[in-house]
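Enquirer: Just final.txt, nothing more (compact mmCIF, C-alpha atoms):
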# COMPACT_ATOMS: atom_id res chain seq x y z
CA MET A 1 1.13 16.34 13.36
CA GLU A 2 1.16 16.33 9.57
CA ILE A 3 2.51 13.46 7.51
CA THR A 4 5.12 15.75 5.95
CA ALA A 5 6.60 16.33 9.42
CA LEU A 6 7.73 12.72 9.68
CA LYS A 7 11.07 11.67 8.26
CA ASP A 8 10.93 9.27 5.31
CA TYR A 9 12.44 6.37 7.23
CA GLU A 10 9.97 6.80 10.12
CA LEU A 11 7.06 6.79 7.72
CA GLU A 12 8.48 3.83 5.80
CA LYS A 13 8.90 1.89 9.03
CA TYR A 14 5.32 2.60 10.06
CA ILE A 15 3.99 1.56 6.63
CA THR A 16 6.16 -1.57 6.74
CA ASP A 17 4.69 -2.53 10.11
CA ILE A 18 1.15 -2.20 8.73
CA MET A 19 2.00 -4.18 5.60
CA LEU A 20 3.55 -6.99 7.60
CA ASP A 21 0.52 -7.02 9.92
CA VAL A 22 -1.80 -7.29 6.91
CA GLY A 23 0.36 -10.14 5.60
CA VAL A 24 2.22 -8.79 2.59
CA PRO A 25 5.32 -11.02 2.25
CA ALA A 26 8.52 -8.99 2.20
CA HIS A 27 10.20 -11.20 -0.41
CA LEU A 28 7.84 -10.10 -3.20
CA LYS A 29 8.76 -7.25 -5.56
CA GLY A 30 5.24 -5.96 -5.12
CA TYR A 31 5.97 -5.44 -1.43
CA HIS A 32 8.49 -2.70 -2.22
CA TYR A 33 6.31 -1.18 -4.94
CA LEU A 34 3.30 -1.23 -2.62
CA ARG A 35 5.21 0.46 0.19
CA ASP A 36 6.28 3.24 -2.19
CA ALA A 37 2.72 3.56 -3.52
CA ILE A 38 1.35 3.95 0.01
CA LEU A 39 4.08 6.44 0.88
CA LEU A 40 3.39 8.56 -2.23
CA THR A 41 -0.37 8.38 -1.70
CA GLY A 42 -0.05 9.28 1.96
CA ARG A 43 1.79 12.44 1.00
CA ASN A 44 -0.64 13.28 -1.83
CA MET A 45 -4.02 11.50 -1.91
CA GLU A 46 -4.69 12.81 -5.44
CA VAL A 47 -2.15 10.33 -6.79
CA VAL A 48 -4.45 7.38 -6.09
CA THR A 49 -7.16 8.81 -8.35
CA SER A 50 -4.87 8.23 -11.32
CA VAL A 51 -2.87 5.11 -10.59
CA THR A 52 -2.16 4.24 -14.22
CA LYS A 53 -1.11 7.72 -15.26
CA LEU A 54 0.73 8.95 -12.15
CA LEU A 55 1.39 6.32 -9.50
CA TYR A 56 2.61 3.31 -11.48
CA PRO A 57 4.86 5.35 -13.83
CA THR A 58 6.45 7.15 -10.86
CA ILE A 59 7.22 3.86 -9.12
CA ALA A 60 8.38 2.27 -12.37
CA ARG A 61 10.90 5.08 -12.95
CA ARG A 62 12.17 4.77 -9.39
CA PHE A 63 12.73 1.02 -9.72
CA LYS A 64 13.76 1.09 -13.41
CA THR A 65 10.95 -1.16 -14.63
CA THR A 66 7.66 -0.81 -16.52
CA ASP A 67 4.25 0.42 -15.35
CA GLN A 68 2.72 -2.96 -16.23
CA LYS A 69 5.23 -4.87 -14.10
CA VAL A 70 4.58 -2.52 -11.16
CA GLU A 71 0.80 -2.99 -11.47
CA ARG A 72 1.09 -6.78 -11.72
CA ALA A 73 3.54 -7.08 -8.82
CA ILE A 74 1.33 -4.92 -6.58
CA ARG A 75 -1.74 -6.95 -7.57
CA ASN A 76 0.10 -10.19 -6.77
CA ALA A 77 1.25 -8.88 -3.35
CA ILE A 78 -2.33 -7.87 -2.53
CA GLU A 79 -3.69 -11.26 -3.66
CA VAL A 80 -1.16 -13.09 -1.49
CA SER A 81 -1.90 -10.95 1.56
CA TRP A 82 -5.65 -11.30 0.94
CA SER A 83 -5.53 -15.08 0.83
CA ARG A 84 -2.88 -15.70 3.51
CA GLY A 85 -2.91 -12.55 5.62
CA ASN A 86 -4.29 -11.67 9.01
CA THR A 87 -8.09 -11.89 8.74
CA LYS A 88 -8.69 -9.81 11.88
CA THR A 89 -6.53 -6.98 10.56
CA PHE A 90 -8.40 -7.00 7.24
CA GLU A 91 -11.75 -6.92 9.03
CA LYS A 92 -10.59 -4.01 11.16
CA MET A 93 -9.02 -2.03 8.32
CA PHE A 94 -11.37 -2.76 5.39
CA GLY A 95 -14.55 -3.92 7.14
CA TYR A 96 -14.37 -7.29 5.38
CA SER A 97 -11.96 -10.10 4.58
CA ALA A 98 -11.59 -13.20 2.42
CA VAL A 99 -13.41 -15.18 5.14
CA SER A 100 -16.55 -13.06 4.67
CA GLY A 101 -16.65 -14.15 1.03
CA ARG A 102 -15.92 -10.79 -0.51
CA THR A 103 -13.43 -10.36 -3.33
CA ARG A 104 -10.13 -8.68 -2.60
CA PRO A 105 -9.92 -4.89 -2.82
CA THR A 106 -8.56 -3.38 -6.02
CA ASN A 107 -5.03 -2.05 -6.05
CA SER A 108 -6.22 1.55 -5.71
CA GLU A 109 -8.70 0.69 -2.91
CA TYR A 110 -6.01 -1.18 -1.00
CA ILE A 111 -3.44 1.60 -1.42
CA ALA A 112 -5.93 4.36 -0.59
CA ARG A 113 -7.23 2.63 2.54
CA ILE A 114 -3.80 1.97 4.02
CA ALA A 115 -2.55 5.46 3.06
CA ASP A 116 -5.62 6.98 4.70
CA LYS A 117 -5.00 4.95 7.86
CA VAL A 118 -1.39 6.15 7.93
CA ARG A 119 -2.46 9.79 7.49
CA LEU A 120 -5.05 9.55 10.26
CA ASP A 121 -2.67 7.76 12.62
CA VAL A 122 0.04 10.37 12.05
CA LYS A 123 -2.44 13.21 12.72
CA ALA A 124 -3.41 11.53 15.98
CA MET A 125 0.23 11.49 17.18
For the structure just supplied, provide its representation as structure tokens.

Expert:
Amino acid sequence: MEITALKDYELEKYITDIMLDVGVPAHLKGYHYLRDAILLTGRNMEVVTSVTKLLYPTIARRFKTTDQKVERAIRNAIEVSWSRGNTKTFEKMFGYSAVSGRTRPTNSEYIARIADKVRLDVKAM
């Protein structure tokens, strides 16, 4: 099954489940921006190669804010999940975690890895 075959709400729900498992708190603005970023990247992986020119401006327009605020909010959500999130899930998904002493993944690495997982999981359905 292709990712385009899923309805938006089904895909959003699946992405939300992954984000909550990783430990992204739902009360942060970055949570909503991150979910949209993963959704957009899952549908078109090319978007993640140009986060500052394509991804952040698209999300900023959707939420009526600035690119800089989107980038900062996503970075904050990732930092929070990295420091407080589920270590086992990070190890499984990224191959490392905060416990192993590595620094957190960049915004684009984080988005790309989760989007890739979503795409592969949907194809396996």

Enquirer: Using all atoms listed in the file, collect all residues at a distance of at most 8 Å from (-3.9, 1.3, -9.8) as written in the file, then present them as a list of chain:residue names.

Expert: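 Residues lying no farther than 8 Å from the given point: A:Val48, A:Ser50, A:Val51, A:Thr52, A:Leu55, A:Tyr56, A:Glu71, A:Thr106, A:Asn107, A:Ser108.
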
Enquirer: Neighbouring residues of stretch 72-85 of chain A were defined as those with any atom within 6 Å, considering only C-alpha atoms; residues of the same chain fewer than 3 positions away were excluded. Please report them as a list in words.

Expert: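 These residues fall inside the cut-off: Val22, Gly23, Val24, Gly30, Leu34 and Lys69 of chain A.
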
Enquirer: For A:Met93, which of A:Glu10, A:Glu46, A:Asp21, A:Asp67 is the closest residue, counting only C-alpha atoms?

Expert: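 Result for the nearest residue to A:Met93: A:Asp21.
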
Enquirer: Tell me, in Å to one decimal, how far atom CA of A:Leu40 is from atom CA of A:Thr89.

Expert: 22.4 Å

Enquirer: Just how far from atom CA of A:Ile15 is atom CA of A:Ile114, in Å to one decimal?

Expert: 8.2 Å

Enquirer: Within 7 Å of A:Thr41, counting all atoms listed in the file, which residues qualify if same-chain residues fewer than 5 places away don't, as JSON, numbers by chain?

Expert: {"A": [47, 48, 112, 115]}

Enquirer: Could you give me, as a tab-separated table, a per-residue list for stretch 10-36 of chain A showing, wherever an atom lies at most 12 Å from an atom of stretch 116-120 of chain A, the closest pair of atoms and their distance in Å to one decimal, using all atoms listed in the file and sorting by chain then residue number from low to high?

Expert:
residue	atom	partner	partner_atom	distance
A:Glu10	CA	A:Val118	CA	11.6
A:Leu11	CA	A:Val118	CA	8.5
A:Glu12	CA	A:Val118	CA	10.4
A:Lys13	CA	A:Val118	CA	11.2
A:Tyr14	CA	A:Val118	CA	7.9
A:Ile15	CA	A:Val118	CA	7.2
A:Thr16	CA	A:Val118	CA	10.9
A:Asp17	CA	A:Val118	CA	10.8
A:Ile18	CA	A:Val118	CA	8.8
A:Met19	CA	A:Val118	CA	11.1
A:Arg35	CA	A:Val118	CA	11.7

Enquirer: Select, from A:Thr49, A:Lys92, A:Val99, A:Arg61, the residue with the minimum atom-to-atom distance to A:Asp36, counting all atoms listed in the file.

Expert: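 For A:Asp36, the nearest of the given residues is A:Arg61.
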
Enquirer: Please report the interatomic distance between atom CA of A:Ser97 and atom CA of A:Ile111 in Å with one decimal.

Expert: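 That distance, rounded to one decimal, is 15.7 Å.
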
Enquirer: Edge lengths and centre, in Å to one decimal, as JSON: that's what I need for the box along x, y and z that holds all listed atoms of stretch 48-51 of chain A plus 6 Å on each side.

Expert:
{"center_x": -5.0, "center_y": 7.0, "center_z": -8.7, "size_x": 16.3, "size_y": 15.7, "size_z": 17.2}

Enquirer: Return the single residue from A:Ala98, A:Lys123, A:Asn86, A:Leu54 that is closest to A:Pro25, with distances computed using all atoms listed in the file.

Expert: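 Ranked by minimum distance to A:Pro25, first place goes to A:Asn86.
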
Enquirer: With distances taken over all atoms listed in the file, which of A:Lys53, A:Arg113, A:Gln68, A:Ala60 is nearest to A:Phe90?

Expert: A:Arg113

Enquirer: Quick one: of A:Pro57, A:Val70, A:Asn44, A:Thr65, who's nearest to A:Leu28, counting all atoms listed in the file?

Expert: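 Under the stated criterion, the closest residue is A:Val70.
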
Enquirer: Assuming the input is short of atoms at stretch 79-94 of chain A, produce N, CA, C and O atoms for that part as a compact mmCIF listing (two decimals), keeping the file's coordinate frame.

Expert:
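rebuild-v6.txt was written with the following content:
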# COMPACT_ATOMS: atom_id res chain seq x y z
N GLU A 79 -3.03 -9.95 -3.61
CA GLU A 79 -3.69 -11.26 -3.66
C GLU A 79 -3.12 -12.21 -2.61
O GLU A 79 -3.86 -12.92 -1.93
N VAL A 80 -1.80 -12.22 -2.47
CA VAL A 80 -1.16 -13.09 -1.49
C VAL A 80 -1.57 -12.68 -0.08
O VAL A 80 -1.93 -13.52 0.74
N SER A 81 -1.52 -11.40 0.22
CA SER A 81 -1.90 -10.95 1.56
C SER A 81 -3.39 -11.21 1.83
O SER A 81 -3.77 -11.54 2.94
N TRP A 82 -4.22 -11.08 0.80
CA TRP A 82 -5.65 -11.30 0.94
C TRP A 82 -5.95 -12.76 1.28
O TRP A 82 -6.78 -13.05 2.13
N SER A 83 -5.24 -13.67 0.61
CA SER A 83 -5.53 -15.08 0.83
C SER A 83 -4.83 -15.67 2.05
O SER A 83 -5.34 -16.57 2.69
N ARG A 84 -3.65 -15.12 2.40
CA ARG A 84 -2.88 -15.70 3.51
C ARG A 84 -2.73 -14.79 4.72
O ARG A 84 -2.21 -15.20 5.74
N GLY A 85 -3.17 -13.55 4.59
CA GLY A 85 -2.91 -12.55 5.62
C GLY A 85 -3.78 -12.68 6.85
O GLY A 85 -4.60 -13.59 6.99
N ASN A 86 -3.60 -11.72 7.74
CA ASN A 86 -4.29 -11.67 9.01
C ASN A 86 -5.74 -11.21 8.81
O ASN A 86 -6.02 -10.05 8.54
N THR A 87 -6.67 -12.15 8.96
CA THR A 87 -8.09 -11.89 8.74
C THR A 87 -8.63 -10.79 9.66
O THR A 87 -9.39 -9.92 9.23
N LYS A 88 -8.21 -10.81 10.92
CA LYS A 88 -8.69 -9.81 11.88
C LYS A 88 -8.25 -8.41 11.48
O LYS A 88 -9.01 -7.45 11.60
N THR A 89 -7.02 -8.29 11.00
CA THR A 89 -6.53 -6.98 10.56
C THR A 89 -7.31 -6.48 9.35
O THR A 89 -7.66 -5.31 9.27
N PHE A 90 -7.60 -7.38 8.40
CA PHE A 90 -8.40 -7.00 7.24
C PHE A 90 -9.79 -6.55 7.65
O PHE A 90 -10.30 -5.54 7.15
N GLU A 91 -10.42 -7.29 8.55
CA GLU A 91 -11.75 -6.92 9.03
C GLU A 91 -11.73 -5.54 9.67
O GLU A 91 -12.61 -4.72 9.44
N LYS A 92 -10.71 -5.29 10.47
CA LYS A 92 -10.59 -4.01 11.16
C LYS A 92 -10.32 -2.86 10.18
O LYS A 92 -10.91 -1.79 10.28
N MET A 93 -9.43 -3.10 9.22
CA MET A 93 -9.02 -2.03 8.32
C MET A 93 -10.00 -1.80 7.16
O MET A 93 -10.27 -0.66 6.79
N PHE A 94 -10.53 -2.88 6.58
CA PHE A 94 -11.37 -2.76 5.39
C PHE A 94 -12.85 -3.00 5.67
O PHE A 94 -13.70 -2.69 4.84
